[in-house]
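Quick look at run-v6.pdb (PDB, C-alpha atoms, pLDDT in the B column):
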```
ATOM      1  CA  MET X   1       0.340  13.604  -1.336  1.00 75.00           C
ATOM      2  CA  PRO X   2      -0.729  11.424   1.596  1.00 90.00           C
ATOM      3  CA  VAL X   3      -0.462   7.660   1.267  1.00 94.00           C
ATOM      4  CA  THR X   4      -2.841   5.484   3.252  1.00 95.00           C
ATOM      5  CA  THR X   5      -1.285   2.273   4.544  1.00 95.00           C
ATOM      6  CA  ILE X   6      -1.945  -1.027   6.247  1.00 94.00           C
ATOM      7  CA  LEU X   7       1.472  -2.071   7.546  1.00 95.00           C
ATOM      8  CA  THR X   8       3.196  -3.840  10.411  1.00 94.00           C
ATOM      9  CA  PRO X   9       4.668  -1.583  13.133  1.00 95.00           C
ATOM     10  CA  VAL X  10       8.212  -2.144  11.812  1.00 95.00           C
ATOM     11  CA  GLU X  11       7.134  -1.348   8.253  1.00 95.00           C
ATOM     12  CA  ARG X  12       5.439   1.838   9.451  1.00 95.00           C
ATOM     13  CA  ARG X  13       8.711   3.163  10.834  1.00 95.00           C
ATOM     14  CA  ARG X  14      10.587   2.272   7.646  1.00 94.00           C
ATOM     15  CA  VAL X  15       7.918   3.812   5.384  1.00 95.00           C
ATOM     16  CA  ASP X  16       7.933   6.989   7.481  1.00 93.00           C
ATOM     17  CA  ALA X  17      11.721   7.221   7.101  1.00 91.00           C
ATOM     18  CA  ALA X  18      11.492   6.683   3.326  1.00 88.00           C
ATOM     19  CA  ALA X  19       8.710   9.276   3.094  1.00 85.00           C
ATOM     20  CA  GLU X  20      10.674  12.162   4.518  1.00 84.00           C
ATOM     21  CA  GLY X  21      10.001  15.249   2.410  1.00 83.00           C
ATOM     22  CA  LEU X  22       7.973  13.405  -0.233  1.00 85.00           C
ATOM     23  CA  TYR X  23       4.683  12.253   1.247  1.00 87.00           C
ATOM     24  CA  ALA X  24       2.787  11.778   4.495  1.00 90.00           C
ATOM     25  CA  ALA X  25       1.744   8.286   5.538  1.00 93.00           C
ATOM     26  CA  LEU X  26      -1.718   7.751   7.016  1.00 95.00           C
ATOM     27  CA  HIS X  27      -1.332   4.450   8.878  1.00 96.00           C
ATOM     28  CA  ARG X  28      -4.577   2.518   9.186  1.00 95.00           C
ATOM     29  CA  GLU X  29      -5.695  -0.743  10.740  1.00 92.00           C
ATOM     30  CA  SER X  30      -8.561  -1.704   8.407  1.00 88.00           C
ATOM     31  CA  PHE X  31      -9.675  -1.530   4.800  1.00 87.00           C
ATOM     32  CA  ASP X  32     -12.730   0.437   5.931  1.00 88.00           C
ATOM     33  CA  GLU X  33     -10.399   3.210   7.142  1.00 92.00           C
ATOM     34  CA  VAL X  34      -8.471   3.077   3.853  1.00 92.00           C
ATOM     35  CA  LEU X  35     -11.710   3.358   1.863  1.00 92.00           C
ATOM     36  CA  ASP X  36     -12.762   6.311   4.014  1.00 93.00           C
ATOM     37  CA  ASP X  37      -9.457   8.069   3.253  1.00 95.00           C
ATOM     38  CA  LEU X  38      -9.961   7.511  -0.474  1.00 94.00           C
ATOM     39  CA  ARG X  39     -13.611   8.559  -0.490  1.00 93.00           C
ATOM     40  CA  HIS X  40     -12.775  11.810   1.302  1.00 94.00           C
ATOM     41  CA  ARG X  41      -9.688  12.416  -0.877  1.00 88.00           C
ATOM     42  CA  ARG X  42      -7.303  12.326   2.052  1.00 86.00           C
ATOM     43  CA  ALA X  43      -4.957   9.933   0.208  1.00 92.00           C
ATOM     44  CA  GLY X  44      -3.612   9.620  -3.305  1.00 90.00           C
ATOM     45  CA  ALA X  45      -2.109   6.129  -3.047  1.00 93.00           C
ATOM     46  CA  VAL X  46      -2.479   2.922  -1.044  1.00 95.00           C
ATOM     47  CA  LEU X  47       0.328   0.774   0.361  1.00 95.00           C
ATOM     48  CA  ILE X  48      -0.586  -2.667   1.723  1.00 94.00           C
ATOM     49  CA  SER X  49       1.835  -4.947   3.552  1.00 93.00           C
ATOM     50  CA  ILE X  50       2.020  -8.499   2.252  1.00 93.00           C
ATOM     51  CA  ALA X  51       2.546  -9.520   5.892  1.00 89.00           C
ATOM     52  CA  ARG X  52      -0.738  -7.832   6.948  1.00 88.00           C
ATOM     53  CA  TYR X  53      -2.761  -8.902   3.924  1.00 84.00           C
ATOM     54  CA  GLY X  54      -4.791 -12.064   4.158  1.00 75.00           C
ATOM     55  CA  ILE X  55      -7.165 -13.845   1.832  1.00 57.00           C
ATOM     56  CA  GLN X  56     -10.007 -12.736   4.124  1.00 57.00           C
ATOM     57  CA  SER X  57      -9.159  -9.170   3.058  1.00 74.00           C
ATOM     58  CA  ASN X  58      -9.707 -10.038  -0.591  1.00 80.00           C
ATOM     59  CA  ALA X  59     -13.264  -8.703  -0.979  1.00 83.00           C
ATOM     60  CA  ARG X  60     -12.510  -5.339   0.701  1.00 82.00           C
ATOM     61  CA  MET X  61      -9.305  -4.845  -1.269  1.00 86.00           C
ATOM     62  CA  ALA X  62     -11.001  -5.826  -4.543  1.00 88.00           C
ATOM     63  CA  ALA X  63     -13.767  -3.287  -3.858  1.00 87.00           C
ATOM     64  CA  MET X  64     -11.174  -0.590  -3.231  1.00 89.00           C
ATOM     65  CA  VAL X  65      -9.279  -1.330  -6.461  1.00 91.00           C
ATOM     66  CA  ARG X  66     -12.542  -1.329  -8.465  1.00 91.00           C
ATOM     67  CA  GLU X  67     -13.918   1.826  -6.862  1.00 93.00           C
ATOM     68  CA  PHE X  68     -10.660   3.803  -7.216  1.00 94.00           C
ATOM     69  CA  PRO X  69      -8.935   2.538 -10.383  1.00 92.00           C
ATOM     70  CA  ARG X  70      -6.789   5.672 -10.746  1.00 90.00           C
ATOM     71  CA  VAL X  71      -5.349   5.463  -7.251  1.00 92.00           C
ATOM     72  CA  PRO X  72      -2.101   3.482  -7.258  1.00 92.00           C
ATOM     73  CA  ALA X  73      -2.470   0.407  -5.069  1.00 93.00           C
ATOM     74  CA  MET X  74       0.891  -1.051  -4.086  1.00 95.00           C
ATOM     75  CA  ALA X  75       1.926  -4.184  -2.230  1.00 95.00           C
ATOM     76  CA  LEU X  76       4.903  -3.876   0.125  1.00 96.00           C
ATOM     77  CA  LEU X  77       7.129  -6.917   0.617  1.00 96.00           C
ATOM     78  CA  THR X  78       9.650  -6.644   3.459  1.00 95.00           C
ATOM     79  CA  GLU X  79       9.963 -10.285   4.490  1.00 93.00           C
ATOM     80  CA  THR X  80       9.032 -13.681   3.128  1.00 92.00           C
ATOM     81  CA  GLN X  81       6.578 -15.833   5.039  1.00 90.00           C
ATOM     82  CA  TYR X  82       4.808 -19.100   4.298  1.00 91.00           C
ATOM     83  CA  THR X  83       1.737 -17.236   2.975  1.00 89.00           C
ATOM     84  CA  THR X  84       3.661 -14.697   0.866  1.00 92.00           C
ATOM     85  CA  PRO X  85       3.222 -16.434  -2.525  1.00 92.00           C
ATOM     86  CA  GLN X  86      -0.544 -16.899  -2.031  1.00 90.00           C
ATOM     87  CA  ASN X  87      -0.979 -13.314  -0.853  1.00 89.00           C
ATOM     88  CA  LEU X  88       0.977 -11.954  -3.819  1.00 91.00           C
ATOM     89  CA  LEU X  89      -1.096 -13.972  -6.280  1.00 91.00           C
ATOM     90  CA  ALA X  90      -4.348 -12.892  -4.621  1.00 89.00           C
ATOM     91  CA  LEU X  91      -3.379  -9.217  -4.802  1.00 91.00           C
ATOM     92  CA  GLY X  92      -2.446  -9.574  -8.480  1.00 91.00           C
ATOM     93  CA  GLN X  93      -5.772 -11.234  -9.249  1.00 91.00           C
ATOM     94  CA  ILE X  94      -7.731  -8.321  -7.793  1.00 90.00           C
ATOM     95  CA  GLY X  95      -5.758  -5.705  -9.701  1.00 90.00           C
ATOM     96  CA  VAL X  96      -2.773  -4.642  -7.597  1.00 92.00           C
ATOM     97  CA  ARG X  97      -0.073  -4.172 -10.229  1.00 90.00           C
ATOM     98  CA  ILE X  98       2.783  -2.557  -8.273  1.00 94.00           C
ATOM     99  CA  LEU X  99       5.003  -4.612  -5.994  1.00 95.00           C
ATOM    100  CA  ILE X 100       7.515  -2.763  -3.840  1.00 96.00           C
ATOM    101  CA  ASP X 101      10.135  -5.358  -2.897  1.00 96.00           C
ATOM    102  CA  ALA X 102      11.740  -3.563   0.031  1.00 96.00           C
ATOM    103  CA  ARG X 103      13.974  -6.469   0.978  1.00 95.00           C
ATOM    104  CA  GLN X 104      16.568  -4.561  -1.066  1.00 93.00           C
ATOM    105  CA  PRO X 105      17.383  -0.819  -0.857  1.00 92.00           C
ATOM    106  CA  SER X 106      16.266  -0.413  -4.471  1.00 94.00           C
ATOM    107  CA  GLY X 107      12.720  -1.251  -3.373  1.00 94.00           C
ATOM    108  CA  TRP X 108      12.558   1.797  -1.118  1.00 93.00           C
ATOM    109  CA  GLN X 109      13.813   3.909  -4.008  1.00 92.00           C
ATOM    110  CA  LEU X 110      11.099   2.428  -6.245  1.00 92.00           C
ATOM    111  CA  LEU X 111       8.477   3.438  -3.664  1.00 92.00           C
ATOM    112  CA  ARG X 112       9.793   6.995  -3.651  1.00 90.00           C
ATOM    113  CA  ASP X 113       9.945   7.045  -7.478  1.00 90.00           C
ATOM    114  CA  VAL X 114       6.356   5.801  -7.888  1.00 87.00           C
ATOM    115  CA  LEU X 115       5.025   8.333  -5.392  1.00 85.00           C
ATOM    116  CA  ALA X 116       7.083  11.184  -6.857  1.00 84.00           C
ATOM    117  CA  ALA X 117       5.728  10.366 -10.325  1.00 82.00           C
ATOM    118  CA  GLU X 118       2.193  10.266  -8.954  1.00 74.00           C
ATOM    119  CA  ARG X 119       2.690  13.588  -7.207  1.00 68.00           C
ATOM    120  CA  SER X 120       4.017  15.264 -10.362  1.00 67.00           C
ATOM    121  CA  SER X 121       1.058  13.960 -12.396  1.00 65.00           C
ATOM    122  CA  GLU X 122      -1.323  15.752  -9.980  1.00 59.00           C
ATOM    123  CA  ILE X 123       0.190  19.143 -10.795  1.00 43.00           C
TER     124      ILE X 123
END
```
Translate the structure of the given file into structure tokens.
Amino acid sequence: MPVTTILTPVERRRVDAAAEGLYAALHRESFDEVLDDLRHRRAGAVLISIARYGIQSNARMAAMVREFPRVPAMALLTETQYTTPQNLLALGQIGVRILIDARQPSGWQLLRDVLAAERSSEI
């Protein structure tokens, strides 16, 4: 099951390493590209970096969550920045309910577990 992402370059490499044998990551630069992947059924999940998310992205992300309620939308936290708390709250308010805290190894395992469960529910 492909996962469409908006991540930093460092996060992309780490997500690709965690994905080995489980899913393919479709790395994107904009929410329009993510929406296109979802509309054309090229992706079964969305992974958004807290570091790349900004309040200005709120309307596009909210539209995606509303339009595709069955597609797991996950926030990826790899580092803490000044805007992290506000970004986390904003994502929660628009309906993102899964936080992957990858500052610890258990976070990467959680990502794999969530995607493996999603993949098995498709069968």
Handout entry: Distance criterion (all atoms listed in the file): nearest to Ala25 in chain X out of X:Val3, X:Leu88, X:Leu115, X:Ala63
Key =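 Residue with the minimum atom-to-atom distance to Ala25 in chain X: X:Val3.
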Fill in the blank from the handout: Pairwise distance, CA of Arg41 in chain X with CA of Asn87 in chain X, equals 27.2 Å
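When CA of Glu29 in chain X is paired with CA of Ile48 in chain X, their separation reads 10.5 Å.
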Exercise for the section: Might you spell out which residues the PyMOL selection byres ((chain X and resi 43) around 6) would select in the displayed file, as a PyMOL selection string? Expected result: chain X and resi 2-4+37-38+41-42+44-45
Can you give me, as a CSV table (one decimal) with C-alpha atoms, in the frame of the given file, the residues this file yields under the PyMOL selection byres ((chain X and resi 64) around 12)?
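Ended up saving to expr.csv:
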```
chain,number,residue,atom,x,y,z
X,30,SER,CA,-8.6,-1.7,8.4
X,31,PHE,CA,-9.7,-1.5,4.8
X,32,ASP,CA,-12.7,0.4,5.9
X,33,GLU,CA,-10.4,3.2,7.1
X,34,VAL,CA,-8.5,3.1,3.9
X,35,LEU,CA,-11.7,3.4,1.9
X,36,ASP,CA,-12.8,6.3,4.0
X,37,ASP,CA,-9.5,8.1,3.3
X,38,LEU,CA,-10.0,7.5,-0.5
X,39,ARG,CA,-13.6,8.6,-0.5
X,45,ALA,CA,-2.1,6.1,-3.0
X,46,VAL,CA,-2.5,2.9,-1.0
X,48,ILE,CA,-0.6,-2.7,1.7
X,57,SER,CA,-9.2,-9.2,3.1
X,58,ASN,CA,-9.7,-10.0,-0.6
X,59,ALA,CA,-13.3,-8.7,-1.0
X,60,ARG,CA,-12.5,-5.3,0.7
X,61,MET,CA,-9.3,-4.8,-1.3
X,62,ALA,CA,-11.0,-5.8,-4.5
X,63,ALA,CA,-13.8,-3.3,-3.9
X,65,VAL,CA,-9.3,-1.3,-6.5
X,66,ARG,CA,-12.5,-1.3,-8.5
X,67,GLU,CA,-13.9,1.8,-6.9
X,68,PHE,CA,-10.7,3.8,-7.2
X,69,PRO,CA,-8.9,2.5,-10.4
X,70,ARG,CA,-6.8,5.7,-10.7
X,71,VAL,CA,-5.3,5.5,-7.3
X,72,PRO,CA,-2.1,3.5,-7.3
X,73,ALA,CA,-2.5,0.4,-5.1
X,91,LEU,CA,-3.4,-9.2,-4.8
X,94,ILE,CA,-7.7,-8.3,-7.8
X,95,GLY,CA,-5.8,-5.7,-9.7
X,96,VAL,CA,-2.8,-4.6,-7.6
```
Practice task
For the file shown, report as a PyMOL selection string the outcome of the PyMOL selection byres ((chain X and resi 19-21) around 12) at residue level.
Solution key: chain X and resi 1-3+11-18+22-26+108-116
Axis-aligned box for range 78-94 of chain X, 8 Å per side, centre and edges in Å as AutoDock Vina command-line options:
```
--center_x 1.1 --center_y -12.9 --center_z -2.1 --size_x 33.7 --size_y 28.5 --size_z 30.3
```
Problem - Distance in Å - CA of Asp101 in chain X versus CA of Tyr82 in chain X - result: 16.4 Å
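Among the candidates X:Ile6, X:His40, X:Met74, X:Arg52, the residue lying nearest to Ile100 in chain X is X:Met74 (atoms considered: all atoms listed in the file).
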Exercise for the section: Identify which of the residues X:Glu118, X:His27, X:Ala102, X:Val10 lies closest to Thr80 in chain X, counting all atoms listed in the file when measuring atom-to-atom distances. Expected result: X:Ala102
